[in-house]
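S.K.: Got a structure for you, query.txt, holding compact mmCIF, C-alpha atoms.
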# COMPACT_ATOMS: atom_id res chain seq x y z
CA MET A 1 0.00 0.00 0.00
CA ARG A 2 2.83 2.39 0.81
CA SER A 3 4.34 1.61 -2.57
CA PHE A 4 1.02 2.28 -4.29
CA ALA A 5 0.63 5.60 -2.44
CA ARG A 6 4.10 6.65 -3.55
CA GLU A 7 3.18 5.68 -7.12
CA VAL A 8 0.04 7.83 -6.94
CA ARG A 9 1.99 10.82 -5.62
CA THR A 10 4.48 10.38 -8.43
CA ALA A 11 1.86 9.94 -11.14
CA VAL A 12 -0.44 12.77 -9.98
CA THR A 13 1.69 15.76 -9.11
CA GLY A 14 0.44 18.73 -7.16
CA HIS A 15 0.59 20.84 -10.32
CA ALA A 16 -1.54 18.31 -12.20
CA ALA A 17 -4.04 18.18 -9.35
CA LEU A 18 -4.41 21.95 -9.42
CA LEU A 19 -5.00 21.86 -13.17
CA VAL A 20 -7.67 19.17 -12.73
CA ILE A 21 -9.39 21.28 -10.08
CA GLY A 22 -9.24 24.22 -12.49
CA VAL A 23 -10.88 22.12 -15.19
CA LEU A 24 -13.64 21.13 -12.76
CA LEU A 25 -14.29 24.75 -11.87
CA LEU A 26 -14.34 25.68 -15.56
CA GLN A 27 -16.82 22.90 -16.25
CA LEU A 28 -19.11 24.02 -13.44
CA ALA A 29 -18.86 27.63 -14.62
CA PHE A 30 -19.84 26.48 -18.11
CA ILE A 31 -22.96 24.76 -16.79
CA ALA A 32 -23.91 27.67 -14.56
CA SER A 33 -23.41 30.25 -17.32
CA TYR A 34 -25.36 28.47 -20.04
CA VAL A 35 -28.20 27.32 -17.80
CA GLY A 36 -28.34 30.71 -16.11
CA ALA A 37 -28.60 32.53 -19.43
CA PHE A 38 -31.07 30.22 -21.17
CA HIS A 39 -33.26 28.48 -18.60
CA HIS A 40 -35.95 31.17 -18.29
CA PRO A 41 -35.93 33.79 -21.09
CA GLU A 42 -38.07 36.80 -20.24
CA PRO A 43 -38.44 39.82 -22.56
CA THR A 44 -37.20 43.04 -21.03
CA ASP A 45 -36.98 46.47 -22.64
CA ILE A 46 -37.73 45.38 -26.21
CA ARG A 47 -37.28 48.64 -28.14
CA LEU A 48 -40.71 49.23 -29.66
CA GLY A 49 -41.63 52.13 -31.90
CA VAL A 50 -45.27 53.25 -31.66
CA VAL A 51 -46.97 54.87 -34.65
CA ALA A 52 -50.45 56.11 -33.74
CA PRO A 53 -52.67 59.17 -34.15
CA GLN A 54 -51.19 62.09 -32.25
CA GLN A 55 -54.04 62.36 -29.78
CA ALA A 56 -53.65 58.72 -28.70
CA ARG A 57 -49.89 58.25 -29.12
CA ALA A 58 -48.70 59.42 -25.71
CA SER A 59 -51.25 57.38 -23.77
CA LEU A 60 -50.49 54.24 -25.82
CA VAL A 61 -46.74 54.62 -25.23
CA GLU A 62 -47.40 55.04 -21.51
CA ARG A 63 -49.69 52.01 -21.37
CA LEU A 64 -47.24 49.75 -23.23
CA GLY A 65 -44.36 50.96 -21.08
CA ALA A 66 -46.29 50.12 -17.91
CA LEU A 67 -46.88 46.44 -18.75
CA PRO A 68 -46.00 44.12 -15.83
CA GLY A 69 -42.33 43.08 -15.85
CA GLY A 70 -41.29 45.86 -18.23
CA PRO A 71 -41.12 43.76 -21.43
CA LEU A 72 -41.27 46.81 -23.70
CA ASP A 73 -39.33 50.05 -24.00
CA PRO A 74 -41.75 52.00 -26.23
CA SER A 75 -41.10 55.29 -27.97
CA ALA A 76 -43.32 57.44 -30.20
CA GLU A 77 -42.58 57.51 -33.93
CA ASP A 78 -43.98 59.95 -36.47
CA ASP A 79 -44.86 57.45 -39.19
CA ALA A 80 -44.42 53.83 -40.28
CA GLU A 81 -41.69 54.65 -42.77
CA ARG A 82 -39.48 56.25 -40.13
CA ALA A 83 -40.13 53.36 -37.75
CA ALA A 84 -39.09 50.87 -40.45
CA LEU A 85 -35.91 52.85 -41.13
CA ARG A 86 -35.04 52.78 -37.42
CA ILE A 87 -35.56 49.00 -37.32
CA ARG A 88 -33.22 48.58 -40.30
CA ALA A 89 -30.72 50.88 -38.55
CA ARG A 90 -30.95 48.56 -35.51
CA GLU A 91 -32.22 51.38 -33.31
CA LEU A 92 -35.55 49.61 -32.75
CA ASP A 93 -36.43 45.94 -32.36
CA ALA A 94 -40.02 46.26 -33.59
CA ALA A 95 -42.70 48.85 -34.28
CA LEU A 96 -46.48 48.89 -33.75
CA VAL A 97 -48.40 50.78 -36.42
CA VAL A 98 -51.94 51.54 -35.26
CA ASP A 99 -54.76 51.70 -37.80
CA PRO A 100 -57.20 54.36 -36.53
CA ARG A 101 -59.87 53.28 -39.02
CA GLY A 102 -60.00 49.60 -38.08
CA THR A 103 -59.29 47.09 -35.34
CA THR A 104 -56.23 45.38 -36.87
CA ASP A 105 -52.83 46.97 -36.29
CA THR A 106 -49.47 46.05 -37.87
CA LEU A 107 -46.39 44.95 -35.96
CA LEU A 108 -43.14 45.45 -37.88
CA VAL A 109 -40.42 42.99 -36.86
CA ALA A 110 -36.97 41.92 -38.09
CA GLY A 111 -36.54 38.14 -38.20
CA GLY A 112 -32.90 38.54 -39.20
CA ALA A 113 -32.14 39.85 -35.71
CA GLY A 114 -33.30 36.53 -34.25
CA ALA A 115 -36.57 34.66 -34.53
CA SER A 116 -36.98 34.45 -30.75
CA LEU A 117 -36.90 38.25 -30.44
CA ALA A 118 -39.53 38.72 -33.14
CA GLN A 119 -41.72 36.05 -31.54
CA ALA A 120 -41.35 37.64 -28.10
CA ALA A 121 -42.38 41.05 -29.46
CA GLU A 122 -45.35 39.46 -31.22
CA ALA A 123 -46.46 37.67 -28.05
CA VAL A 124 -46.17 40.71 -25.77
CA VAL A 125 -47.80 43.17 -28.16
CA GLY A 126 -50.44 40.61 -29.13
CA ARG A 127 -51.54 40.22 -25.50
CA ALA A 128 -51.62 43.98 -24.99
CA GLU A 129 -53.69 44.47 -28.14
CA ALA A 130 -56.09 41.65 -27.26
CA ALA A 131 -56.78 43.37 -23.95
CA GLU A 132 -58.04 46.34 -26.00
CA HIS A 133 -60.05 44.04 -28.32
CA ARG A 134 -57.69 44.65 -31.23
CA LYS A 135 -55.76 42.28 -33.50
CA VAL A 136 -52.18 42.36 -34.77
CA ARG A 137 -50.86 41.57 -38.23
CA ILE A 138 -47.13 40.73 -38.48
CA SER A 139 -44.90 42.24 -41.16
CA ASP A 140 -41.28 41.04 -41.23
CA ILE A 141 -39.28 43.80 -42.91
CA ALA A 142 -35.88 42.12 -42.47
CA PRO A 143 -36.58 38.38 -42.63
CA ALA A 144 -33.94 35.71 -42.15
CA ALA A 145 -32.83 33.92 -45.30
CA ALA A 146 -34.40 30.61 -46.22
CA GLY A 147 -31.20 28.78 -45.33
CA ASP A 148 -30.74 30.62 -42.03
CA ALA A 149 -32.97 28.75 -39.59
CA ARG A 150 -34.22 31.13 -36.86
CA GLY A 151 -31.43 33.58 -37.75
CA LEU A 152 -28.79 31.50 -35.97
CA THR A 153 -26.23 31.13 -38.77
CA SER A 154 -24.45 34.35 -37.78
CA PHE A 155 -24.05 33.08 -34.23
CA TYR A 156 -22.75 29.66 -35.24
CA LEU A 157 -20.36 31.19 -37.75
CA VAL A 158 -18.88 33.50 -35.10
CA VAL A 159 -18.67 30.66 -32.56
CA GLY A 160 -16.70 28.65 -35.11
CA TRP A 161 -14.36 31.55 -35.72
CA CYS A 162 -13.83 32.01 -31.98
CA VAL A 163 -13.10 28.29 -31.47
CA GLY A 164 -10.49 28.43 -34.23
CA GLY A 165 -8.88 31.50 -32.69
CA TYR A 166 -8.22 30.09 -29.24
CA LEU A 167 -7.42 26.58 -30.48
CA CYS A 168 -4.79 27.87 -32.90
CA ALA A 169 -3.13 29.93 -30.17
CA ALA A 170 -3.34 26.95 -27.80
CA ILE A 171 -1.73 24.58 -30.31
CA ILE A 172 1.14 27.01 -30.83
CA ALA A 173 1.60 27.13 -27.06
CA ILE A 174 1.57 23.34 -26.71
CA SER A 175 4.05 22.83 -29.53
CA ALA A 176 6.42 25.71 -28.83
CA GLY A 177 5.87 26.75 -25.20
CA ALA A 178 3.12 28.84 -23.66
CA ARG A 179 5.30 31.94 -23.29
CA PRO A 180 7.33 33.27 -26.26
CA ALA A 181 11.04 33.33 -25.43
CA ASN A 182 11.54 36.89 -26.69
CA PRO A 183 9.70 39.72 -28.50
CA ARG A 184 10.78 38.42 -31.91
CA ARG A 185 9.12 35.08 -31.20
CA ALA A 186 5.99 36.91 -30.02
CA VAL A 187 5.87 38.90 -33.27
CA ILE A 188 6.28 35.69 -35.26
CA ARG A 189 3.41 34.06 -33.35
CA LEU A 190 1.17 37.08 -33.88
CA GLY A 191 2.05 37.04 -37.57
CA ALA A 192 1.20 33.35 -37.84
CA LEU A 193 -2.10 33.97 -36.05
CA ALA A 194 -2.90 36.81 -38.46
CA VAL A 195 -2.33 34.54 -41.46
CA TYR A 196 -4.48 31.85 -39.87
CA ALA A 197 -7.19 34.42 -39.07
CA ALA A 198 -7.32 35.60 -42.69
CA ALA A 199 -7.63 32.02 -43.96
CA ALA A 200 -10.28 31.09 -41.37
CA GLY A 201 -12.27 34.26 -42.06
CA LEU A 202 -12.32 33.63 -45.80
CA LEU A 203 -13.23 29.94 -45.56
CA GLY A 204 -15.99 30.62 -43.03
CA ALA A 205 -17.48 33.27 -45.31
CA VAL A 206 -17.34 30.93 -48.31
CA ILE A 207 -18.96 28.03 -46.44
CA THR A 208 -21.88 30.04 -45.07
CA GLY A 209 -22.30 31.99 -48.31
CA PRO A 210 -21.77 30.30 -51.69
CA VAL A 211 -21.45 26.74 -50.38
CA LEU A 212 -24.47 26.49 -48.05
CA ASP A 213 -26.35 29.67 -49.04
CA ALA A 214 -27.09 30.21 -45.36
CA LEU A 215 -26.13 33.86 -44.88
CA PRO A 216 -26.96 36.59 -47.44
CA ALA A 217 -23.86 38.72 -46.91
CA GLY A 218 -21.01 39.36 -49.32
CA ILE A 219 -17.85 37.31 -49.03
CA ALA A 220 -15.57 40.33 -48.66
CA PRO A 221 -17.38 41.92 -45.66
CA LEU A 222 -17.70 38.58 -43.88
CA TRP A 223 -14.06 37.78 -44.65
CA GLY A 224 -12.96 41.00 -42.99
CA LEU A 225 -15.19 40.41 -39.99
CA GLY A 226 -14.04 36.80 -39.62
CA THR A 227 -10.38 37.79 -39.79
CA LEU A 228 -10.92 40.34 -37.03
CA VAL A 229 -12.90 37.92 -34.81
CA VAL A 230 -10.37 35.09 -35.14
CA PHE A 231 -7.37 37.34 -34.57
CA ALA A 232 -9.01 39.08 -31.60
CA VAL A 233 -9.66 35.76 -29.84
CA ALA A 234 -6.25 34.35 -30.80
CA ALA A 235 -4.46 37.49 -29.54
CA LEU A 236 -6.45 37.36 -26.31
CA THR A 237 -5.43 33.73 -25.81
CA LEU A 238 -1.78 34.52 -26.58
CA ALA A 239 -1.85 37.39 -24.08
CA LEU A 240 -3.35 35.24 -21.33
CA GLN A 241 -0.74 32.54 -22.02
CA GLY A 242 1.96 35.17 -21.65
CA LEU A 243 0.52 36.21 -18.29
CA ALA A 244 -0.41 32.79 -16.87
CA GLY A 245 1.31 30.14 -18.98
CA VAL A 246 -0.77 27.14 -20.01
CA VAL A 247 -3.47 28.21 -17.53
CA GLY A 248 -4.09 31.10 -19.91
CA ILE A 249 -5.79 28.68 -22.31
CA GLY A 250 -8.39 27.92 -19.63
CA LEU A 251 -8.81 31.63 -18.93
CA ALA A 252 -9.42 32.30 -22.62
CA ILE A 253 -12.05 29.55 -22.71
CA ALA A 254 -13.69 31.06 -19.63
CA ILE A 255 -13.95 34.48 -21.29
CA VAL A 256 -14.90 33.42 -24.81
CA VAL A 257 -16.89 30.20 -24.27
CA VAL A 258 -18.20 30.27 -20.70
CA LEU A 259 -19.12 33.96 -20.63
CA GLY A 260 -19.08 35.00 -24.27
CA ASN A 261 -21.18 32.40 -26.07
CA PRO A 262 -24.34 32.44 -23.90
CA SER A 263 -24.26 36.25 -23.79
CA ALA A 264 -23.69 36.69 -27.54
CA GLY A 265 -27.37 37.23 -28.37
CA GLY A 266 -27.46 34.19 -30.64
CA ALA A 267 -30.17 31.82 -29.47
CA TYR A 268 -31.75 34.59 -27.39
CA PRO A 269 -31.04 38.22 -28.39
CA TYR A 270 -30.17 40.70 -25.67
CA PRO A 271 -33.72 41.71 -24.63
CA LEU A 272 -34.41 38.07 -23.72
CA LEU A 273 -31.28 37.51 -21.61
CA PRO A 274 -30.94 38.04 -17.85
CA PRO A 275 -29.30 41.36 -16.84
CA PHE A 276 -25.78 40.01 -16.22
CA TRP A 277 -25.45 38.32 -19.63
CA ARG A 278 -27.16 41.21 -21.41
CA ALA A 279 -24.63 43.61 -19.87
CA ILE A 280 -21.45 41.70 -20.75
CA GLY A 281 -22.48 40.32 -24.15
CA PRO A 282 -21.77 43.36 -26.35
CA ALA A 283 -18.30 43.76 -24.78
CA LEU A 284 -17.08 40.23 -25.58
CA PRO A 285 -15.91 38.89 -28.97
CA PRO A 286 -18.80 36.44 -29.60
CA GLY A 287 -21.43 39.10 -28.94
CA ALA A 288 -19.70 41.79 -31.01
CA GLY A 289 -19.12 39.29 -33.82
CA THR A 290 -22.70 37.98 -33.87
CA TRP A 291 -24.18 41.48 -33.92
CA SER A 292 -21.82 42.47 -36.76
CA ALA A 293 -22.56 39.39 -38.86
CA ARG A 294 -26.32 39.97 -38.58
CA SER A 295 -25.89 43.63 -39.47
CA LEU A 296 -23.93 42.70 -42.58
CA ALA A 297 -26.45 40.05 -43.61
CA TYR A 298 -29.80 41.74 -42.92
CA PHE A 299 -29.37 45.41 -41.99
CA ASP A 300 -27.18 46.88 -44.75
CA GLY A 301 -24.17 47.03 -42.46
CA ASN A 302 -25.82 49.43 -40.01
CA ALA A 303 -24.77 49.80 -36.35
CA LEU A 304 -21.31 48.28 -36.91
CA THR A 305 -19.05 50.93 -35.39
CA GLY A 306 -19.39 49.87 -31.74
CA PRO A 307 -18.97 46.10 -32.25
CA LEU A 308 -16.01 46.55 -34.60
CA LEU A 309 -14.34 48.83 -32.06
CA VAL A 310 -14.87 46.14 -29.40
CA LEU A 311 -13.23 43.47 -31.57
CA SER A 312 -10.40 45.82 -32.51
CA ALA A 313 -9.80 46.64 -28.86
CA TRP A 314 -9.48 42.95 -27.96
CA ALA A 315 -7.11 42.39 -30.89
CA VAL A 316 -4.87 45.37 -30.13
CA ALA A 317 -4.87 44.83 -26.35
CA GLY A 318 -4.11 41.13 -26.78
CA ALA A 319 -1.22 41.80 -29.14
CA LEU A 320 0.25 44.51 -26.90
CA VAL A 321 0.00 42.38 -23.76
CA ALA A 322 1.59 39.41 -25.54
CA LEU A 323 4.47 41.58 -26.73
CA GLY A 324 4.81 43.20 -23.31
CA CYS A 325 5.04 39.80 -21.60
CA ALA A 326 7.73 38.73 -24.06
CA VAL A 327 9.76 41.90 -23.44
CA PHE A 328 9.47 41.45 -19.68
CA ARG A 329 10.46 37.80 -19.93
CA GLU A 330 13.57 38.63 -21.97
CA ARG A 331 14.66 41.35 -19.55
CA LYS A 332 14.26 39.05 -16.56
CA ARG A 333 16.34 36.28 -18.14
CA PRO A 334 19.88 36.10 -16.70
CA LYS A 335 22.47 37.29 -19.19
CA SER A 336 25.35 35.00 -20.19
CA PRO A 337 28.75 36.05 -18.79
CA VAL A 338 31.05 37.74 -21.28
CA SER A 339 34.43 36.05 -21.57
Represent the structure of the file as structure tokens.
M.R.:
Amino acid sequence: MRSFAREVRTAVTGHAALLVIGVLLLQLAFIASYVGAFHHPEPTDIRLGVVAPQQARASLVERLGALPGGPLDPSAEDDAERAALRIRARELDAALVVDPRGTTDTLLVAGGAGASLAQAAEAVVGRAEAAEHRKVRISDIAPAAAGDARGLTSFYLVVGWCVGGYLCAAIIAISAGARPANPRRAVIRLGALAVYAAAAGLLGAVITGPVLDALPAGIAPLWGLGTLVVFAVAALTLALQGLAGVVGIGLAIAIVVVLGNPSAGGAYPYPLLPPFWRAIGPALPPGAGTWSARSLAYFDGNALTGPLLVLSAWAVAGALVALGCAVFRERKRPKSPVS
């Protein structure tokens, strides 16, 4: 038994045990994050434009804004055309156009922003209208493509790009050491990741576009977006490896997969997510990438500035931290004696 105990201590080192505990915590965080984000979607602050006769507009906005639970964030709009333009600009999620001469109103939605969001707006507004003995007709002014089931292709495409980004950086770390030996090696790694990002961005755009006809966006815009997403995640992973060694791979997975994917607005857009995930989603690569891909596919490239700045910030910060870690590591290394 003593011999077996010694064998166990030799086979399972303290370092390995700590890594296993870290994996367990990461696994539990994964479960908690995904279940927490998706187990009970409730609409909150759906941005709803309200087009109605001037004498009734203010009271209707007030009534819709006072619905229990706050599912709607209504605002008055002058006419249906302006409301539709604001939906296409991604400033509104839906718009209710009241017909003063009848009992059937029109709800403008955008299926390309996510089928679950359009359905939630339809359900909430439908109940409110039924309480006033009115009906609602749905008009989808930015529908998802036939090959884009429930508007999820953008999300899955970005998830694939993110997976490639951190796996590529992780493989480089496993094969050549988690921390670059000097700044030149760090630059070489960043260059290799940039080449990989360009290839992954192009191939992802081709697969979802011409090959599967799943996303109606041009190859060039998606290629640029994919390159930025992959490089941002890869640079983040490289930076965390420079700071924490191989543990940095787990930290990257925690940021991108555990926190980023459920908060990306893919399966459930932001108004359907709990407050924590709704708050962090736009600031993380999966959320910024998913929003951008949908804008390119269905909204004429509107509302891209913020998400692209987020992705660029992750890319630049990751590259600078990785280079900084390499410089620090080189300066701390003992110099060879001069004969």
S.K.: Using CA of Ile280 (chain A) and CA of Ser263 (chain A) as the two end points, give the distance in Å to one decimal.
M.R.: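 Computing it gives 6.8 Å between the two atoms.
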S.K.: So, counting all atoms listed in the file, which residue among A:Pro275, A:Pro221, A:Gly204, A:Gly160 is closest to Asn261 (chain A)?
M.R.: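 Of the candidates, the smallest distance to Asn261 (chain A) is held by A:Gly160.
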S.K.: Find the residues around Arg101 (chain A) up to 12 Å (all atoms listed in the file counted), leave out those fewer than 2 positions away in its own chain, and share them as a count of residues only.
M.R.: 8
S.K.: Quick one: residues within 10 Å of region 323-327 of chain A, all atoms listed in the file, excluding same-chain residues fewer than 4 positions away - as a PDB file with C-alpha atoms, keeping the file's coordinate frame?
M.R.:
ATOM      1  CA  ARG A 179       5.300  31.940 -23.290  1.00  0.00           C
ATOM      2  CA  PRO A 180       7.330  33.270 -26.260  1.00  0.00           C
ATOM      3  CA  ALA A 181      11.040  33.330 -25.430  1.00  0.00           C
ATOM      4  CA  ASN A 182      11.540  36.890 -26.690  1.00  0.00           C
ATOM      5  CA  PRO A 183       9.700  39.720 -28.500  1.00  0.00           C
ATOM      6  CA  ARG A 184      10.780  38.420 -31.910  1.00  0.00           C
ATOM      7  CA  ARG A 185       9.120  35.080 -31.200  1.00  0.00           C
ATOM      8  CA  ALA A 186       5.990  36.910 -30.020  1.00  0.00           C
ATOM      9  CA  VAL A 187       5.870  38.900 -33.270  1.00  0.00           C
ATOM     10  CA  LEU A 190       1.170  37.080 -33.880  1.00  0.00           C
ATOM     11  CA  LEU A 238      -1.780  34.520 -26.580  1.00  0.00           C
ATOM     12  CA  ALA A 239      -1.850  37.390 -24.080  1.00  0.00           C
ATOM     13  CA  LEU A 240      -3.350  35.240 -21.330  1.00  0.00           C
ATOM     14  CA  GLN A 241      -0.740  32.540 -22.020  1.00  0.00           C
ATOM     15  CA  GLY A 242       1.960  35.170 -21.650  1.00  0.00           C
ATOM     16  CA  LEU A 243       0.520  36.210 -18.290  1.00  0.00           C
ATOM     17  CA  ALA A 317      -4.870  44.830 -26.350  1.00  0.00           C
ATOM     18  CA  GLY A 318      -4.110  41.130 -26.780  1.00  0.00           C
ATOM     19  CA  ALA A 319      -1.220  41.800 -29.140  1.00  0.00           C
ATOM     20  CA  ARG A 331      14.660  41.350 -19.550  1.00  0.00           C
ATOM     21  CA  LYS A 332      14.260  39.050 -16.560  1.00  0.00           C
TER      22      LYS A 332
END
S.K.: Between CA of Asp73 (chain A) and CA of Pro262 (chain A), what is the spacing in Å?
M.R.: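 Straight-line distance from CA of Pro262 (chain A) to CA of Asp73 (chain A) works out to 23.1 Å.
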S.K.: Between A:Gly250, A:Pro68, A:Pro74, A:Gly147, which one has atoms that come closest to Arg127 (chain A), using all atoms listed in the file?
M.R.: A:Pro68
S.K.: Hey, which of A:Ala121, A:Leu26, A:Leu202, A:Leu108 ends up closest to Pro71 (chain A)? Count only C-alpha atoms.
M.R.: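 Of A:Ala121, A:Leu26, A:Leu202, A:Leu108, the one nearest Pro71 (chain A) is A:Ala121, counting only C-alpha atoms.
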S.K.: With only C-alpha atoms as the atoms that count, which of A:Val35, A:Leu272, A:Leu85, A:Leu203 lies nearest to Leu72 (chain A)?
M.R.: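 Among the listed residues, A:Leu272 lies closest to Leu72 (chain A).
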S.K.: So, with only C-alpha atoms as the atoms that count, which of A:Val247, A:Val257, A:Ala303, A:Ala66 lies closest to Leu92 (chain A)?
M.R.: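 Under the stated criterion, the closest residue is A:Ala303.
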S.K.: Restricting the calculation to only C-alpha atoms, which member of A:Val51, A:Ala322, A:Ala252, A:Ala83 is positioned closest to Arg189 (chain A)?
M.R.: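 Ranked by minimum distance to Arg189 (chain A), first place goes to A:Ala322.
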S.K.: In Å, how far is it from CA of Leu308 (chain A) to CA of Val229 (chain A)?
M.R.: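 CA of Leu308 (chain A) sits 9.2 Å away from CA of Val229 (chain A).
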S.K.: Using only C-alpha atoms, list the residues that have an atom at most 12 Å from (-39.2, 44.4, -36.0), coordinates as in the file, as a ChimeraX atom specification.
M.R.: /A:46-50,80,83-97,106-122,125,138-144,298-299
S.K.: Show which residues sit within 10 Å of Leu259 (chain A), as number ranges by chain. Count all atoms listed in the file, and ignore same-chain residues fewer than 3 positions away.
M.R.: A: 29-30, 32-34, 37, 253-256, 262-264, 277, 280-281, 284, 286
S.K.: Pull the neighbourhood of (-19.4, 46.5, -38.0) for me: all residues within 9 Å in file coordinates, counting only C-alpha atoms, as a list in words.
M.R.: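 Final list of nearby residues, as requested, is Leu225, Ala288, Gly289, Trp291, Ser292, Ala293, Ser295, Leu296, Gly301, Asn302, Ala303, Leu304, Thr305, Gly306, Pro307, Leu308 and Leu309 of chain A.
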S.K.: How about completing region 114-131 of chain A with N, CA, C and O atoms and giving it to me as an mmCIF file, in the coordinates of the input?
M.R.:
data_model
loop_
_atom_site.group_PDB
_atom_site.id
_atom_site.type_symbol
_atom_site.label_atom_id
_atom_site.label_comp_id
_atom_site.auth_asym_id
_atom_site.auth_seq_id
_atom_site.Cartn_x
_atom_site.Cartn_y
_atom_site.Cartn_z
ATOM 1 N N GLY A 114 -33.046 37.669 -35.129
ATOM 2 C CA GLY A 114 -33.300 36.530 -34.250
ATOM 3 C C GLY A 114 -34.777 36.235 -34.162
ATOM 4 O O GLY A 114 -35.567 37.113 -33.793
ATOM 5 N N ALA A 115 -35.153 35.015 -34.517
ATOM 6 C CA ALA A 115 -36.570 34.660 -34.530
ATOM 7 C C ALA A 115 -37.186 34.767 -33.139
ATOM 8 O O ALA A 115 -38.345 35.160 -32.989
ATOM 9 N N SER A 116 -36.422 34.426 -32.102
ATOM 10 C CA SER A 116 -36.980 34.450 -30.750
ATOM 11 C C SER A 116 -37.339 35.867 -30.323
ATOM 12 O O SER A 116 -38.322 36.067 -29.592
ATOM 13 N N LEU A 117 -36.581 36.870 -30.779
ATOM 14 C CA LEU A 117 -36.900 38.250 -30.440
ATOM 15 C C LEU A 117 -38.179 38.692 -31.133
ATOM 16 O O LEU A 117 -39.050 39.325 -30.513
ATOM 17 N N ALA A 118 -38.317 38.370 -32.414
ATOM 18 C CA ALA A 118 -39.530 38.720 -33.140
ATOM 19 C C ALA A 118 -40.750 38.041 -32.526
ATOM 20 O O ALA A 118 -41.817 38.657 -32.378
ATOM 21 N N GLN A 119 -40.601 36.780 -32.147
ATOM 22 C CA GLN A 119 -41.720 36.050 -31.540
ATOM 23 C C GLN A 119 -42.079 36.629 -30.178
ATOM 24 O O GLN A 119 -43.263 36.701 -29.815
ATOM 25 N N ALA A 120 -41.068 37.042 -29.406
ATOM 26 C CA ALA A 120 -41.350 37.640 -28.100
ATOM 27 C C ALA A 120 -42.098 38.954 -28.254
ATOM 28 O O ALA A 120 -43.062 39.230 -27.532
ATOM 29 N N ALA A 121 -41.674 39.793 -29.224
ATOM 30 C CA ALA A 121 -42.380 41.050 -29.460
ATOM 31 C C ALA A 121 -43.814 40.790 -29.893
ATOM 32 O O ALA A 121 -44.752 41.469 -29.437
ATOM 33 N N GLU A 122 -44.001 39.801 -30.764
ATOM 34 C CA GLU A 122 -45.350 39.460 -31.220
ATOM 35 C C GLU A 122 -46.228 39.002 -30.053
ATOM 36 O O GLU A 122 -47.396 39.398 -29.949
ATOM 37 N N ALA A 123 -45.671 38.177 -29.166
ATOM 38 C CA ALA A 123 -46.460 37.670 -28.050
ATOM 39 C C ALA A 123 -46.846 38.788 -27.088
ATOM 40 O O ALA A 123 -48.009 38.877 -26.660
ATOM 41 N N VAL A 124 -45.887 39.654 -26.745
ATOM 42 C CA VAL A 124 -46.170 40.710 -25.770
ATOM 43 C C VAL A 124 -47.170 41.716 -26.335
ATOM 44 O O VAL A 124 -48.168 42.079 -25.693
ATOM 45 N N VAL A 125 -46.899 42.179 -27.555
ATOM 46 C CA VAL A 125 -47.800 43.170 -28.160
ATOM 47 C C VAL A 125 -49.163 42.547 -28.444
ATOM 48 O O VAL A 125 -50.194 43.210 -28.273
ATOM 49 N N GLY A 126 -49.169 41.273 -28.854
ATOM 50 C CA GLY A 126 -50.440 40.610 -29.130
ATOM 51 C C GLY A 126 -51.333 40.555 -27.898
ATOM 52 O O GLY A 126 -52.550 40.794 -27.980
ATOM 53 N N ARG A 127 -50.743 40.253 -26.740
ATOM 54 C CA ARG A 127 -51.540 40.220 -25.500
ATOM 55 C C ARG A 127 -52.058 41.613 -25.144
ATOM 56 O O ARG A 127 -53.213 41.766 -24.715
ATOM 57 N N ALA A 128 -51.202 42.618 -25.315
ATOM 58 C CA ALA A 128 -51.620 43.980 -24.990
ATOM 59 C C ALA A 128 -52.741 44.441 -25.916
ATOM 60 O O ALA A 128 -53.701 45.114 -25.479
ATOM 61 N N GLU A 129 -52.655 44.086 -27.186
ATOM 62 C CA GLU A 129 -53.690 44.470 -28.140
ATOM 63 C C GLU A 129 -54.996 43.721 -27.877
ATOM 64 O O GLU A 129 -56.082 44.279 -27.989
ATOM 65 N N ALA A 130 -54.883 42.437 -27.528
ATOM 66 C CA ALA A 130 -56.090 41.650 -27.260
ATOM 67 C C ALA A 130 -56.859 42.218 -26.064
ATOM 68 O O ALA A 130 -58.106 42.163 -26.027
ATOM 69 N N ALA A 131 -56.114 42.765 -25.105
ATOM 70 C CA ALA A 131 -56.780 43.370 -23.950
ATOM 71 C C ALA A 131 -57.618 44.574 -24.345
ATOM 72 O O ALA A 131 -58.558 44.951 -23.632
#
